[in-house]
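Shown here: model.cif, mmCIF, C-alpha atoms.
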data_target
#
loop_
_atom_site.group_PDB
_atom_site.id
_atom_site.type_symbol
_atom_site.label_atom_id
_atom_site.label_comp_id
_atom_site.auth_asym_id
_atom_site.auth_seq_id
_atom_site.Cartn_x
_atom_site.Cartn_y
_atom_site.Cartn_z
ATOM 1 C CA MET M 24 37.241 -69.667 15.415
ATOM 2 C CA LYS M 25 39.864 -66.987 14.815
ATOM 3 C CA LYS M 26 40.278 -65.256 11.494
ATOM 4 C CA GLU M 27 43.315 -63.439 10.165
ATOM 5 C CA ILE M 28 42.895 -59.697 9.724
ATOM 6 C CA ILE M 29 44.751 -57.665 7.141
ATOM 7 C CA LYS M 30 43.429 -54.129 7.590
ATOM 8 C CA ASN M 31 43.864 -52.083 10.802
ATOM 9 C CA ARG M 32 45.883 -54.732 12.674
ATOM 10 C CA HIS M 33 47.266 -52.090 14.996
ATOM 11 C CA ARG M 34 43.796 -51.479 16.410
ATOM 12 C CA LEU M 35 44.002 -54.733 18.370
ATOM 13 C CA ILE M 36 46.365 -52.929 20.767
ATOM 14 C CA ASN M 37 45.201 -49.363 20.178
ATOM 15 C CA GLN M 38 42.707 -49.183 23.054
ATOM 16 C CA SER M 39 44.461 -46.534 25.133
ATOM 17 C CA SER M 40 42.763 -43.698 26.908
ATOM 18 C CA ILE M 41 42.863 -40.476 24.967
ATOM 19 C CA ILE M 42 45.083 -37.621 26.100
ATOM 20 C CA LEU M 43 45.210 -34.048 24.905
ATOM 21 C CA VAL M 44 48.734 -32.792 24.226
ATOM 22 C CA SER M 45 49.127 -29.040 24.489
ATOM 23 C CA CYS M 46 51.977 -26.947 23.150
ATOM 24 C CA GLN M 47 52.910 -23.362 22.369
ATOM 25 C CA LEU M 48 55.498 -21.578 20.229
ATOM 26 C CA ALA M 49 55.611 -17.819 20.767
ATOM 27 C CA SER M 50 51.917 -16.833 20.785
ATOM 28 C CA LEU M 51 50.771 -19.910 18.810
ATOM 29 C CA LYS M 52 48.997 -22.352 21.138
ATOM 30 C CA ASN M 53 47.728 -25.740 20.011
ATOM 31 C CA ILE M 54 46.148 -28.969 21.233
ATOM 32 C CA ILE M 55 46.380 -32.380 19.578
ATOM 33 C CA THR M 56 44.398 -35.481 20.512
ATOM 34 C CA VAL M 57 46.778 -38.413 21.097
ATOM 35 C CA GLY M 58 46.121 -42.106 21.618
ATOM 36 C CA TRP M 59 49.685 -43.345 21.155
ATOM 37 C CA TYR M 60 51.691 -42.673 24.317
ATOM 38 C CA GLN M 61 53.619 -44.586 26.959
ATOM 39 C CA ILE M 62 55.613 -44.228 30.169
ATOM 40 C CA ILE M 63 59.203 -44.935 29.085
ATOM 41 C CA ASP M 64 61.165 -44.803 32.359
ATOM 42 C CA ILE M 65 60.624 -44.005 36.022
ATOM 43 C CA ASN M 66 63.786 -42.271 37.297
ATOM 44 C CA PRO M 67 63.569 -39.672 35.919
ATOM 45 C CA ILE M 68 60.001 -40.119 34.720
ATOM 46 C CA LEU M 69 60.036 -40.160 30.928
ATOM 47 C CA VAL M 70 56.967 -40.351 28.707
ATOM 48 C CA GLY M 71 56.722 -40.898 24.988
ATOM 49 C CA ILE M 72 54.087 -39.546 22.624
ATOM 50 C CA SER M 73 53.820 -40.405 18.939
ATOM 51 C CA ILE M 74 52.711 -37.625 16.586
ATOM 52 C CA GLY M 75 52.375 -37.640 12.814
ATOM 53 C CA GLN M 76 55.048 -35.577 11.094
ATOM 54 C CA ASP M 77 52.420 -33.734 9.063
ATOM 55 C CA ARG M 78 50.633 -32.465 12.183
ATOM 56 C CA TYR M 79 50.857 -28.813 13.183
ATOM 57 C CA SER M 80 51.806 -29.681 16.778
ATOM 58 C CA HIS M 81 54.794 -31.676 15.533
ATOM 59 C CA ARG M 82 56.732 -28.542 14.562
ATOM 60 C CA ILE M 83 55.665 -26.653 17.681
ATOM 61 C CA ILE M 84 56.919 -29.399 20.025
ATOM 62 C CA LYS M 85 60.200 -29.814 18.130
ATOM 63 C CA GLU M 86 60.921 -26.092 18.292
ATOM 64 C CA SER M 87 59.541 -25.232 21.756
ATOM 65 C CA ARG M 88 61.060 -28.366 23.390
ATOM 66 C CA VAL M 89 58.111 -28.699 25.823
ATOM 67 C CA PHE M 90 54.669 -30.314 25.738
ATOM 68 C CA GLY M 91 51.775 -30.821 28.123
ATOM 69 C CA ILE M 92 49.856 -34.028 28.713
ATOM 70 C CA ASN M 93 46.258 -33.356 29.734
ATOM 71 C CA VAL M 94 44.027 -36.226 30.917
ATOM 72 C CA PRO M 95 40.394 -35.685 29.860
ATOM 73 C CA LEU M 96 37.274 -37.457 31.043
ATOM 74 C CA THR M 97 34.244 -38.305 28.909
ATOM 75 C CA ASP M 98 32.324 -35.304 30.251
ATOM 76 C CA ILE M 99 34.273 -33.196 27.717
ATOM 77 C CA ILE M 100 34.355 -35.769 24.897
ATOM 78 C CA GLU M 101 32.856 -33.307 22.379
ATOM 79 C CA LYS M 102 35.723 -30.892 23.116
ATOM 80 C CA VAL M 103 38.247 -33.735 22.829
ATOM 81 C CA TRP M 104 36.742 -34.704 19.464
ATOM 82 C CA CYS M 105 36.807 -31.058 18.372
ATOM 83 C CA CYS M 106 40.563 -30.946 19.098
ATOM 84 C CA GLY M 107 41.092 -34.129 17.087
ATOM 85 C CA LYS M 108 39.037 -33.087 14.083
ATOM 86 C CA THR M 109 40.203 -29.453 13.776
ATOM 87 C CA SER M 110 43.579 -28.295 12.491
ATOM 88 C CA GLY M 111 45.342 -25.802 14.727
ATOM 89 C CA LYS M 112 47.190 -24.347 11.762
ATOM 90 C CA ASP M 113 44.452 -21.799 11.064
ATOM 91 C CA THR M 114 42.333 -22.132 14.216
ATOM 92 C CA ASP M 115 42.963 -21.451 17.901
ATOM 93 C CA LYS M 116 41.599 -24.716 19.321
ATOM 94 C CA PHE M 117 41.303 -23.277 22.826
ATOM 95 C CA ILE M 118 38.747 -20.781 21.496
ATOM 96 C CA HIS M 119 37.169 -23.008 18.818
ATOM 97 C CA CYS M 120 36.724 -26.013 21.145
ATOM 98 C CA ASN M 121 35.782 -23.865 24.167
ATOM 99 C CA LEU M 122 38.682 -24.887 26.428
ATOM 100 C CA SER M 123 40.496 -22.735 28.967
ATOM 101 C CA PHE M 124 44.094 -22.991 30.100
ATOM 102 C CA PHE M 125 46.540 -22.159 32.861
ATOM 103 C CA TYR M 126 50.309 -21.990 33.016
ATOM 104 C CA GLY M 127 52.343 -24.040 35.472
ATOM 105 C CA HIS M 128 56.121 -23.793 35.751
ATOM 106 C CA TYR M 129 56.591 -23.285 32.008
ATOM 107 C CA LYS M 130 55.131 -19.945 30.947
ATOM 108 C CA ASN M 131 55.112 -21.093 27.317
ATOM 109 C CA LEU M 132 53.080 -24.252 27.928
ATOM 110 C CA PRO M 133 49.295 -23.968 28.306
ATOM 111 C CA LEU M 134 47.632 -26.744 30.328
ATOM 112 C CA ILE M 135 43.915 -27.474 29.979
ATOM 113 C CA ASN M 136 41.724 -26.495 32.950
ATOM 114 C CA GLU M 137 38.914 -28.876 31.986
ATOM 115 C CA CYS M 138 41.198 -31.922 32.349
ATOM 116 C CA PRO M 139 41.580 -33.225 35.938
ATOM 117 C CA GLY M 140 45.213 -34.228 35.365
ATOM 118 C CA ASN M 141 47.999 -32.222 33.708
ATOM 119 C CA ILE M 142 51.689 -33.004 33.209
ATOM 120 C CA GLU M 143 54.450 -30.662 32.053
ATOM 121 C CA CYS M 144 57.194 -32.338 30.003
ATOM 122 C CA ARG M 145 60.528 -31.088 28.727
ATOM 123 C CA LEU M 146 61.557 -32.709 25.451
ATOM 124 C CA THR M 147 64.720 -34.758 25.953
ATOM 125 C CA ARG M 148 64.928 -36.480 22.573
ATOM 126 C CA PHE M 149 62.910 -37.583 19.601
ATOM 127 C CA ILE M 150 63.065 -40.382 17.067
ATOM 128 C CA ASP M 151 61.777 -39.824 13.551
ATOM 129 C CA PHE M 152 60.131 -42.785 11.856
ATOM 130 C CA LYS M 153 58.568 -42.911 8.388
ATOM 131 C CA SER M 154 55.304 -41.133 9.216
ATOM 132 C CA HIS M 155 55.472 -40.368 12.945
ATOM 133 C CA THR M 156 57.914 -39.028 15.510
ATOM 134 C CA LEU M 157 58.297 -40.436 18.995
ATOM 135 C CA PHE M 158 58.795 -37.467 21.312
ATOM 136 C CA ILE M 159 60.296 -38.390 24.687
ATOM 137 C CA GLY M 160 59.793 -35.915 27.486
ATOM 138 C CA GLU M 161 60.904 -35.738 31.087
ATOM 139 C CA VAL M 162 58.080 -35.005 33.507
ATOM 140 C CA LYS M 163 58.932 -31.730 35.260
ATOM 141 C CA ALA M 164 55.636 -31.031 37.066
ATOM 142 C CA ALA M 165 52.171 -32.547 37.445
ATOM 143 C CA TYR M 166 48.839 -31.140 38.637
ATOM 144 C CA VAL M 167 45.626 -32.917 39.596
ATOM 145 C CA GLU M 168 42.174 -32.135 40.961
ATOM 146 C CA GLU M 169 42.432 -33.371 44.557
ATOM 147 C CA GLU M 170 39.125 -35.260 44.632
ATOM 148 C CA TYR M 171 40.265 -37.460 41.727
ATOM 149 C CA TYR M 172 43.630 -38.618 43.055
ATOM 150 C CA ASP M 173 45.337 -39.965 46.186
ATOM 151 C CA GLY M 174 48.478 -41.340 44.549
ATOM 152 C CA TYR M 175 46.164 -43.325 42.258
ATOM 153 C CA TRP M 176 43.031 -42.284 40.367
ATOM 154 C CA ILE M 177 39.947 -42.603 42.652
ATOM 155 C CA PRO M 178 37.012 -43.866 40.542
ATOM 156 C CA GLU M 179 34.831 -44.852 43.492
ATOM 157 C CA LYS M 180 34.650 -41.270 44.832
ATOM 158 C CA THR M 181 34.036 -39.499 41.529
ATOM 159 C CA ASN M 182 32.429 -39.853 38.148
ATOM 160 C CA LEU M 183 35.782 -40.872 36.692
ATOM 161 C CA ILE M 184 35.170 -42.111 33.141
ATOM 162 C CA PHE M 185 38.116 -42.104 30.731
ATOM 163 C CA PRO M 186 37.564 -42.107 26.954
ATOM 164 C CA PHE M 187 39.459 -44.893 25.154
ATOM 165 C CA HIS M 188 40.153 -44.608 21.432
ATOM 166 C CA LEU M 189 39.213 -47.736 19.500
ATOM 167 C CA GLY M 190 40.354 -46.302 16.175
ATOM 168 C CA GLY M 191 38.606 -44.227 13.550
ATOM 169 C CA ASP M 192 35.563 -42.472 14.961
ATOM 170 C CA TYR M 193 34.996 -44.938 17.816
ATOM 171 C CA ILE M 194 35.595 -44.505 21.521
ATOM 172 C CA LEU M 195 34.885 -46.657 24.538
ATOM 173 C CA GLU M 196 33.764 -45.015 27.759
ATOM 174 C CA SER M 197 35.429 -46.908 30.554
ATOM 175 C CA THR M 198 34.849 -46.572 34.275
ATOM 176 C CA PRO M 199 37.856 -47.985 36.060
ATOM 177 C CA VAL M 200 37.349 -50.187 39.072
ATOM 178 C CA ARG M 201 40.145 -49.798 41.572
ATOM 179 C CA LYS M 202 40.826 -52.797 43.703
ATOM 180 C CA LYS M 203 43.908 -54.048 45.414
ATOM 181 C CA VAL M 204 44.993 -57.444 44.208
ATOM 182 C CA GLU M 205 46.698 -59.662 46.716
ATOM 183 C CA PHE M 206 48.510 -62.770 45.602
ATOM 184 C CA LYS M 207 48.943 -65.679 47.933
ATOM 185 C CA LYS M 208 52.264 -67.474 47.819
ATOM 186 C CA GLU M 209 51.864 -71.202 47.540
#

What would you get if you wrote out this structure as structure tokens?
Amino acid sequence: MKKEIIKNRHRLINQSSIILVSCQLASLKNIITVGWYQIIDINPILVGISIGQDRYSHRIIKESRVFGINVPLTDIIEKVWCCGKTSGKDTDKFIHCNLSFFYGHYKNLPLINECPGNIECRLTRFIDFKSHTLFIGEVKAAYVEEEYYDGYWIPEKTNLIFPFHLGGDYILESTPVRKKVEFKKE
């Protein structure tokens, strides 16, 4: 039997894999853990990320006009959690959470080495809501560890386990199974 829920209704659809969003303004680098994101369009490729307006990264992304999407695996879940539980306002999260970075095309956008997938985005627009802002960025470059990707993620060749945020302090470790689905026309 189903019951109506009142509290945390959004968590019914909040099971997305966690990404780390990186940003930099002048010499100030930061990382924010994000569970609310989406591909918005395909030509050009646009992605949206939702960030609370009280977050330190919010101002950095608005002013720098670029952000990085970094795809972590569960082998660095403690570092991911560190980024989500530490404010970057007074702490360099790269040092505090023991993460290293590299620069791609944008020399003011650190990307996280420990993540097998990295995407550079240029901010095209944003929409302010009551508590959050939807930042929409155009994908300008992407990088991936070769053994993890052949146009699709390759779980059967690697230990590819993505962390999914269930809300609060809960995650789900999920090993994707890649299989081609063929539909027969009747």

I need the residue set behind the PyMOL selection byres ((chain M and resi 102-108) around 9) for this file; please write it as a count of residues only.
22

Do you know which residues are at most 12 Å from M:Glu86 counting only C-alpha atoms, after dropping those on the same chain fewer than 2 positions away, and could you put them as a compact mmCIF listing (two decimals) with C-alpha atoms, in the frame of the given file?
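Result file follows (selection.txt):
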# COMPACT_ATOMS: atom_id res chain seq x y z
CA CYS M 46 51.98 -26.95 23.15
CA GLN M 47 52.91 -23.36 22.37
CA LEU M 48 55.50 -21.58 20.23
CA ALA M 49 55.61 -17.82 20.77
CA LEU M 51 50.77 -19.91 18.81
CA TYR M 79 50.86 -28.81 13.18
CA SER M 80 51.81 -29.68 16.78
CA HIS M 81 54.79 -31.68 15.53
CA ARG M 82 56.73 -28.54 14.56
CA ILE M 83 55.66 -26.65 17.68
CA ILE M 84 56.92 -29.40 20.02
CA ARG M 88 61.06 -28.37 23.39
CA VAL M 89 58.11 -28.70 25.82
CA PHE M 90 54.67 -30.31 25.74
CA ASN M 131 55.11 -21.09 27.32
CA ARG M 145 60.53 -31.09 28.73
CA LEU M 146 61.56 -32.71 25.45
CA ARG M 148 64.93 -36.48 22.57
CA PHE M 149 62.91 -37.58 19.60
CA PHE M 158 58.80 -37.47 21.31

Measuring between only C-alpha atoms, which one of M:Ala164, M:Val204, M:Leu132, M:Val94 shows the shortest distance to M:Leu183?
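Looking only at the distances to M:Leu183, the closest residue turns out to be M:Val94.
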
Given all atoms listed in the file as the counted atoms, nearest of M:Cys144, M:Ile28, M:Ile65, M:Ala165 to M:Ser87:
M:Cys144

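Applied to the file shown here, the PyMOL selection byres ((chain M and resi 40) around 10) selects the residues Asn37, Gln38, Ser39, Ile41, Ile42, Val57, Gly58, Trp59, Tyr60, Val94, Pro95, Leu96, Ile184, Phe185, Pro186, Phe187, His188, Leu189, Ile194, Leu195, Glu196 and Ser197 of chain M.
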
Counting all atoms listed in the file, the option among M:Thr114, M:Gln61, M:Ser73, M:Asn93 closest to M:Val167:
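The answer is M:Asn93, which sits nearest to M:Val167.
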
To one decimal place in Å, what is the distance between atom CA of M:Asn66 and atom CA of M:Phe124?
28.5 Å

Would you kindly return, as a ChimeraX atom specification, each protein, DNA or RNA residue with an atom no farther than 9 Å from any atom of M:Val162, considering all atoms listed in the file and excluding same-chain residues fewer than 5 positions away?
/M:67-70,142-145

Around stretch 153-156 of chain M, with edges along x, y and z and 4 Å added on all six sides, what centre and edge lengths do you get, in Å to one decimal, as AutoDock Vina command-line options?
--center_x 56.9 --center_y -41.0 --center_z 11.9 --size_x 11.3 --size_y 11.9 --size_z 15.1

Residues in the PyMOL selection byres ((chain M and resi 156) around 7), expressed as a PyMOL selection string
chain M and resi 73-76+149-152+155+157-158
